[in-house]
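Participant: Dumping the structure here so I can ask a few things about it.
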Amino acid sequence: MGDEPAPADIFAVRRRKLEALRAAGIDPFPHEFQGVEPIAAARAAHAGLSPGEETGALHRVAGRLAARRGQGKMAFVDLVDRSGRIQLQGRVDELGEEGMERLLALDLGDLVGVDGLAFCSRRGELTLRVRSLALLAKSLRPPPEKHHGLQDVETRFRHRELDLIANEEVRELFVLRARVISSIRRFLDGEGFVEVETPVLQPLYGGALARPFTTHFNALDRDFYLRIATELYLKRLIVGGLERVYELGKDFRNEGLSPKHNPEFTMLEYYEAYADYLAVADRFERLMAAVGLDGSWRRETLVAAIRERTGIDVMAHHDRDALAAQMRSRGLEAPREDSWAELVDELVSKHVEPTLVEPTLLLDYPVELSPFAKRHRSEPGLVERFEAYAGGMEIANAFSELNDPDEQRARLRDAGQPPDESFLQALEQGMPPTGGLGLGIDRLVMVLAGRPSIREVVLFPAMRD
RNA sequence: GCCGCCGUAGCUCAGUUGGCAGAGCAGCGGACUUUUAAUCCGAGGGUCGCAGGUUCGAAUCCUGCCGGCGGCACCA
């Protein structure tokens, strides 16, 4: 082409190259490139080469152009795929003038496919000497900076694809997340659980205490809710005799954003007929071992945990004003409008939860805080429930499920929850004694990956428009 | 919703007391057949988040708005 002046616009340069390719009869967006081998596999095939050693082994790889060094008659470029990075060597005596020119015309970020001979460079780096090279897709935007990666948090979350291109550890994290989820499925499938899907769009919401998102069903001219939990539908399946069920999917809660809260989040719930919460705790520990969180979980009762941290015995002051007085006498805030149960909740979240960095199961909650849990068999006023904490964060919640329909109706009334008649009818049909668990997948991944924010483990976290 | 911090080139970041808008990477032109953040020469690239205000003069000071982060509140 002509010798146009140096273009000011960094985007226009790439556009111009695209047009030049088309003009030269090269399709900048071809349809396929088959027979590709992962870069990691090509590397593994030549693990022990010494500097300067040639192999004669031909490999076909594909990926994104990530760096280049040298120009003229010989150039090195780095190619990255999901599995890793490999250096390519282009030589004019191998590719010819025209081929070399095409290689040098590539931009960082272009997707290319390569057939090349494996050898070890003088500096000891496994390299593919390019035999032939195909542009697989032209990149029209410059990639993020190659040394520092993409740092800007807003861009990383709004354009996660750039984050994935630029930051290898981000790529690894989301692969880890996928492996965690498939490990959970494999574990539960292996234990005889059936994976089910229940409605996301619900005429009535329940199974947790949270504000829902509301939407409108036009055909019925009626408001619907996005589910806040799968609990009630799953228990109906236990009534139906499925015995062991689980669902892995999104819940939606119309609450504030924080490093621990995204409005849509991934939840595992499972229910197991004939189990109580201690059986659930044992299975939970094995499930955690299956995803790499080994070891036994410290167990502590909620009442003891509060007493140990604050000196207050909440069951000995089972009265709103008495408990508030206890708290105030110790210099703790006790908001006037809070009920006894809310004060207990306050004590747990302010004084117990932050101390639970080591994996811990907190057992036996007050009945007022747990409308779906069965009364404790020996501790009056408590229910058989545990919450699992790790990294100072609640990651799971489990109980012996309440299966007495009359008591369930009364508990929902006391909690100010709308009665879900279909659910209550199901309990009237007869639900076996059942243990259930809810596990926050995002938070679990935070713990496993050591990330301080839920946004780091959700591909596209909620952002303002 | 409230409070605090932040927003400068495609990316990573400087920018002094209010006095001409800067660097590195990337990109462009050129040199180079073993480079590893390649090197060297040359020429470019800006809505300083947006809108007002103060001032002879604003990236810098003030107000409002938008967006992000952190905290509080709500909650899980």
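Ligands are numbered from 1 in the order shown, chains are lettered A, B, ... in the order of the structure tokens, and residues start at 1 in each chain.
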Near chain A, meaning an atom within 9 Å, which residues of chain B appear when counting only C-alpha atoms (C1' of nucleotides)? Write them as an NGL selection string.

Facilitator: :B and (10-12 or 25-29 or 31-39 or 43-45 or 67-69 or 74-76)

Participant: Would you write out those residues with C-alpha atoms (C1' of nucleotides), as a tab-separated table (two decimals), in the first residue's frame?

Facilitator:
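Now in again-v6.tsv:
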chain	number	residue	atom	x	y	z
B	10	G	C1'	-5.14	2.73	24.20
B	11	C	C1'	-2.70	0.71	29.10
B	12	U	C1'	0.49	1.72	33.78
B	25	C	C1'	4.60	0.48	27.54
B	26	A	C1'	1.60	0.10	23.16
B	27	G	C1'	1.13	2.29	18.20
B	28	C	C1'	3.63	4.83	13.57
B	29	G	C1'	8.48	5.48	10.18
B	31	A	C1'	17.90	-0.24	11.59
B	32	C	C1'	18.80	-5.22	13.31
B	33	U	C1'	18.92	-13.49	11.70
B	34	U	C1'	18.72	-16.05	18.85
B	35	U	C1'	15.27	-12.17	21.49
B	36	U	C1'	13.01	-12.88	26.85
B	37	A	C1'	9.83	-6.01	29.80
B	38	A	C1'	14.97	-6.96	23.18
B	39	U	C1'	17.88	-2.64	21.73
B	43	A	C1'	8.12	11.56	14.42
B	44	G	C1'	3.24	11.43	16.66
B	45	G	C1'	-0.68	10.74	20.23
B	67	G	C1'	-18.60	6.66	37.75
B	68	G	C1'	-15.30	3.58	40.93
B	69	C	C1'	-13.38	1.89	45.74
B	74	C	C1'	-30.08	-2.53	54.83
B	75	C	C1'	-28.92	-7.55	54.65
B	76	A	C1'	-26.70	-12.83	53.37

Participant: Give the strand (DSSP E) residues of stretch 58-178 of chain A, as DSSP finds them on the backbone, and put them as a count of residues only.

Facilitator: 50

Participant: Please list as a list of chain:residue names every residue within 10 Å of A:Gly295, counting only C-alpha atoms (C1' of nucleotides) and excluding residues in the same chain fewer than 2 positions away.

Facilitator: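 My list of contacting residues is A:Glu285, A:Arg286, A:Met288, A:Ala289, A:Gly292, A:Leu293, A:Trp297, A:Arg298, A:Pro359.
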
Participant: Generate the output file for the selected residues, all heavy atoms, as a PDB file, in the first residue's frame.

Facilitator:
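Saved file again28.pdb follows:
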ATOM      1  N   GLU A 285     -18.650 -31.403  55.825  1.00  0.00           N
ATOM      2  CA  GLU A 285     -17.190 -31.466  55.958  1.00  0.00           C
ATOM      3  C   GLU A 285     -16.570 -32.280  54.835  1.00  0.00           C
ATOM      4  O   GLU A 285     -15.502 -31.932  54.309  1.00  0.00           O
ATOM      5  CB  GLU A 285     -16.800 -32.053  57.319  1.00  0.00           C
ATOM      6  CG  GLU A 285     -17.049 -31.104  58.471  1.00  0.00           C
ATOM      7  CD  GLU A 285     -16.435 -31.596  59.783  1.00  0.00           C
ATOM      8  OE1 GLU A 285     -15.816 -32.684  59.781  1.00  0.00           O
ATOM      9  OE2 GLU A 285     -16.600 -30.884  60.795  1.00  0.00           O
ATOM     10  N   ARG A 286     -17.238 -33.346  54.446  1.00  0.00           N
ATOM     11  CA  ARG A 286     -16.693 -34.160  53.351  1.00  0.00           C
ATOM     12  C   ARG A 286     -16.800 -33.418  52.028  1.00  0.00           C
ATOM     13  O   ARG A 286     -15.921 -33.518  51.170  1.00  0.00           O
ATOM     14  CB  ARG A 286     -17.423 -35.508  53.284  1.00  0.00           C
ATOM     15  CG  ARG A 286     -17.090 -36.398  54.504  1.00  0.00           C
ATOM     16  CD  ARG A 286     -17.418 -37.856  54.254  1.00  0.00           C
ATOM     17  NE  ARG A 286     -18.853 -38.073  54.112  1.00  0.00           N
ATOM     18  CZ  ARG A 286     -19.424 -38.573  53.024  1.00  0.00           C
ATOM     19  NH1 ARG A 286     -18.685 -38.911  51.976  1.00  0.00           N
ATOM     20  NH2 ARG A 286     -20.728 -38.756  52.975  1.00  0.00           N
ATOM     21  N   MET A 288     -16.616 -30.198  51.691  1.00  0.00           N
ATOM     22  CA  MET A 288     -15.542 -29.199  51.695  1.00  0.00           C
ATOM     23  C   MET A 288     -14.204 -29.837  51.365  1.00  0.00           C
ATOM     24  O   MET A 288     -13.387 -29.259  50.652  1.00  0.00           O
ATOM     25  CB  MET A 288     -15.479 -28.498  53.059  1.00  0.00           C
ATOM     26  CG  MET A 288     -16.654 -27.582  53.353  1.00  0.00           C
ATOM     27  SD  MET A 288     -16.804 -26.206  52.168  1.00  0.00           S
ATOM     28  CE  MET A 288     -17.941 -26.894  50.979  1.00  0.00           C
ATOM     29  N   ALA A 289     -13.990 -31.060  51.882  1.00  0.00           N
ATOM     30  CA  ALA A 289     -12.748 -31.759  51.560  1.00  0.00           C
ATOM     31  C   ALA A 289     -12.677 -32.018  50.059  1.00  0.00           C
ATOM     32  O   ALA A 289     -11.604 -31.934  49.446  1.00  0.00           O
ATOM     33  CB  ALA A 289     -12.663 -33.064  52.339  1.00  0.00           C
ATOM     34  N   GLY A 292     -11.257 -29.144  48.340  1.00  0.00           N
ATOM     35  CA  GLY A 292      -9.922 -28.739  48.740  1.00  0.00           C
ATOM     36  C   GLY A 292      -9.828 -27.998  50.051  1.00  0.00           C
ATOM     37  O   GLY A 292      -8.771 -27.524  50.432  1.00  0.00           O
ATOM     38  N   LEU A 293     -10.958 -27.907  50.768  1.00  0.00           N
ATOM     39  CA  LEU A 293     -10.934 -27.269  52.081  1.00  0.00           C
ATOM     40  C   LEU A 293     -10.916 -28.388  53.126  1.00  0.00           C
ATOM     41  O   LEU A 293     -11.931 -28.749  53.711  1.00  0.00           O
ATOM     42  CB  LEU A 293     -12.165 -26.369  52.243  1.00  0.00           C
ATOM     43  CG  LEU A 293     -12.012 -25.102  53.091  1.00  0.00           C
ATOM     44  CD1 LEU A 293     -10.831 -24.263  52.624  1.00  0.00           C
ATOM     45  CD2 LEU A 293     -13.283 -24.280  53.030  1.00  0.00           C
ATOM     46  N   TRP A 297     -13.863 -29.161  60.965  1.00  0.00           N
ATOM     47  CA  TRP A 297     -14.283 -27.813  61.317  1.00  0.00           C
ATOM     48  C   TRP A 297     -14.517 -27.740  62.821  1.00  0.00           C
ATOM     49  O   TRP A 297     -15.166 -28.602  63.402  1.00  0.00           O
ATOM     50  CB  TRP A 297     -15.550 -27.443  60.544  1.00  0.00           C
ATOM     51  CG  TRP A 297     -15.294 -27.260  59.069  1.00  0.00           C
ATOM     52  CD1 TRP A 297     -14.662 -28.139  58.233  1.00  0.00           C
ATOM     53  CD2 TRP A 297     -15.638 -26.124  58.282  1.00  0.00           C
ATOM     54  NE1 TRP A 297     -14.589 -27.614  56.972  1.00  0.00           N
ATOM     55  CE2 TRP A 297     -15.186 -26.379  56.960  1.00  0.00           C
ATOM     56  CE3 TRP A 297     -16.281 -24.923  58.544  1.00  0.00           C
ATOM     57  CZ2 TRP A 297     -15.363 -25.469  55.918  1.00  0.00           C
ATOM     58  CZ3 TRP A 297     -16.462 -24.027  57.502  1.00  0.00           C
ATOM     59  CH2 TRP A 297     -16.002 -24.297  56.205  1.00  0.00           C
ATOM     60  N   ARG A 298     -13.954 -26.711  63.407  1.00  0.00           N
ATOM     61  CA  ARG A 298     -14.176 -26.465  64.817  1.00  0.00           C
ATOM     62  C   ARG A 298     -15.676 -26.298  65.042  1.00  0.00           C
ATOM     63  O   ARG A 298     -16.368 -25.702  64.225  1.00  0.00           O
ATOM     64  CB  ARG A 298     -13.467 -25.165  65.213  1.00  0.00           C
ATOM     65  CG  ARG A 298     -13.076 -25.043  66.651  1.00  0.00           C
ATOM     66  CD  ARG A 298     -12.083 -23.895  66.805  1.00  0.00           C
ATOM     67  NE  ARG A 298     -12.620 -22.629  66.303  1.00  0.00           N
ATOM     68  CZ  ARG A 298     -13.414 -21.839  67.027  1.00  0.00           C
ATOM     69  NH1 ARG A 298     -13.741 -22.161  68.265  1.00  0.00           N
ATOM     70  NH2 ARG A 298     -13.866 -20.717  66.512  1.00  0.00           N
ATOM     71  N   PRO A 359     -11.998 -22.265  59.867  1.00  0.00           N
ATOM     72  CA  PRO A 359     -13.281 -22.919  59.576  1.00  0.00           C
ATOM     73  C   PRO A 359     -14.001 -23.365  60.846  1.00  0.00           C
ATOM     74  O   PRO A 359     -13.441 -24.103  61.662  1.00  0.00           O
ATOM     75  CB  PRO A 359     -12.871 -24.121  58.724  1.00  0.00           C
ATOM     76  CG  PRO A 359     -11.605 -23.681  58.055  1.00  0.00           C
ATOM     77  CD  PRO A 359     -10.908 -22.800  59.050  1.00  0.00           C
TER      78      PRO A 359
END

Participant: Report as a ChimeraX atom specification all protein, DNA and RNA residues lying within 7 Å of A:Leu439, evaluated on only C-alpha atoms (C1' of nucleotides), omitting residues in the same chain fewer than 2 positions from it.

Facilitator: /A:267-269,395-397,437,441

Participant: If you count only C-alpha atoms (C1' of nucleotides), which residues fall within 12 Å of B:G52, apart from same-chain ones fewer than 6 positions away, as a list in words?

Facilitator: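 Skipping anything fewer than 6 positions along the chain leaves C62, U63, G64 and C65 of chain B.
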
Participant: Restricted to N, CA and C atoms (P, O5', C5', C4', C3', O3' and C1' of nucleotides), what would the selected residues look like written as a compact mmCIF listing (two decimals), in the first residue's frame?

Facilitator:
# COMPACT_ATOMS: atom_id res chain seq x y z
P C B 62 -11.22 22.60 47.09
O5' C B 62 -12.46 23.56 46.79
C5' C B 62 -12.82 24.59 47.70
C4' C B 62 -14.07 25.28 47.21
C3' C B 62 -15.22 24.34 46.85
O3' C B 62 -15.97 23.95 47.97
C1' C B 62 -14.91 25.92 45.11
P U B 63 -16.75 22.53 47.97
O5' U B 63 -17.98 22.81 46.99
C5' U B 63 -18.99 23.75 47.34
C4' U B 63 -20.03 23.83 46.25
C3' U B 63 -20.59 22.50 45.75
O3' U B 63 -21.58 21.98 46.62
C1' U B 63 -20.04 23.85 43.90
P G B 64 -21.81 20.40 46.68
O5' G B 64 -22.52 20.06 45.30
C5' G B 64 -23.83 20.57 45.03
C4' G B 64 -24.19 20.34 43.58
C3' G B 64 -24.14 18.90 43.10
O3' G B 64 -25.28 18.15 43.48
C1' G B 64 -23.07 20.28 41.52
P C B 65 -25.16 16.57 43.72
O5' C B 65 -24.95 15.99 42.25
C5' C B 65 -25.99 16.11 41.27
C4' C B 65 -25.48 15.73 39.91
C3' C B 65 -24.95 14.32 39.76
O3' C B 65 -25.97 13.35 39.60
C1' C B 65 -23.45 15.83 38.73

Participant: Write down as a PyMOL selection string the residues belonging to stretch 33-247 of chain A that are assigned helix (DSSP H, G or I) by DSSP computed on the backbone.

Facilitator: chain A and resi 39-44+92-105+153-158+160-166+168-190+231-239

Participant: What gap, in Å, lies between atom CA of A:Glu421 and atom CA of A:Lys374?

Facilitator: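 Separation of atom CA of A:Glu421 and atom CA of A:Lys374: 19.1 Å.
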
Participant: Could you check which of A:Asp364, A:Leu18, A:Leu117, A:Ala275 is closest to A:Ser378, using only C-alpha atoms?

Facilitator: A:Asp364

Participant: What does the distance between atom CA of A:Arg455 and atom CA of A:Ile39 come to in Å, to one decimal place?

Facilitator: 29.5 Å
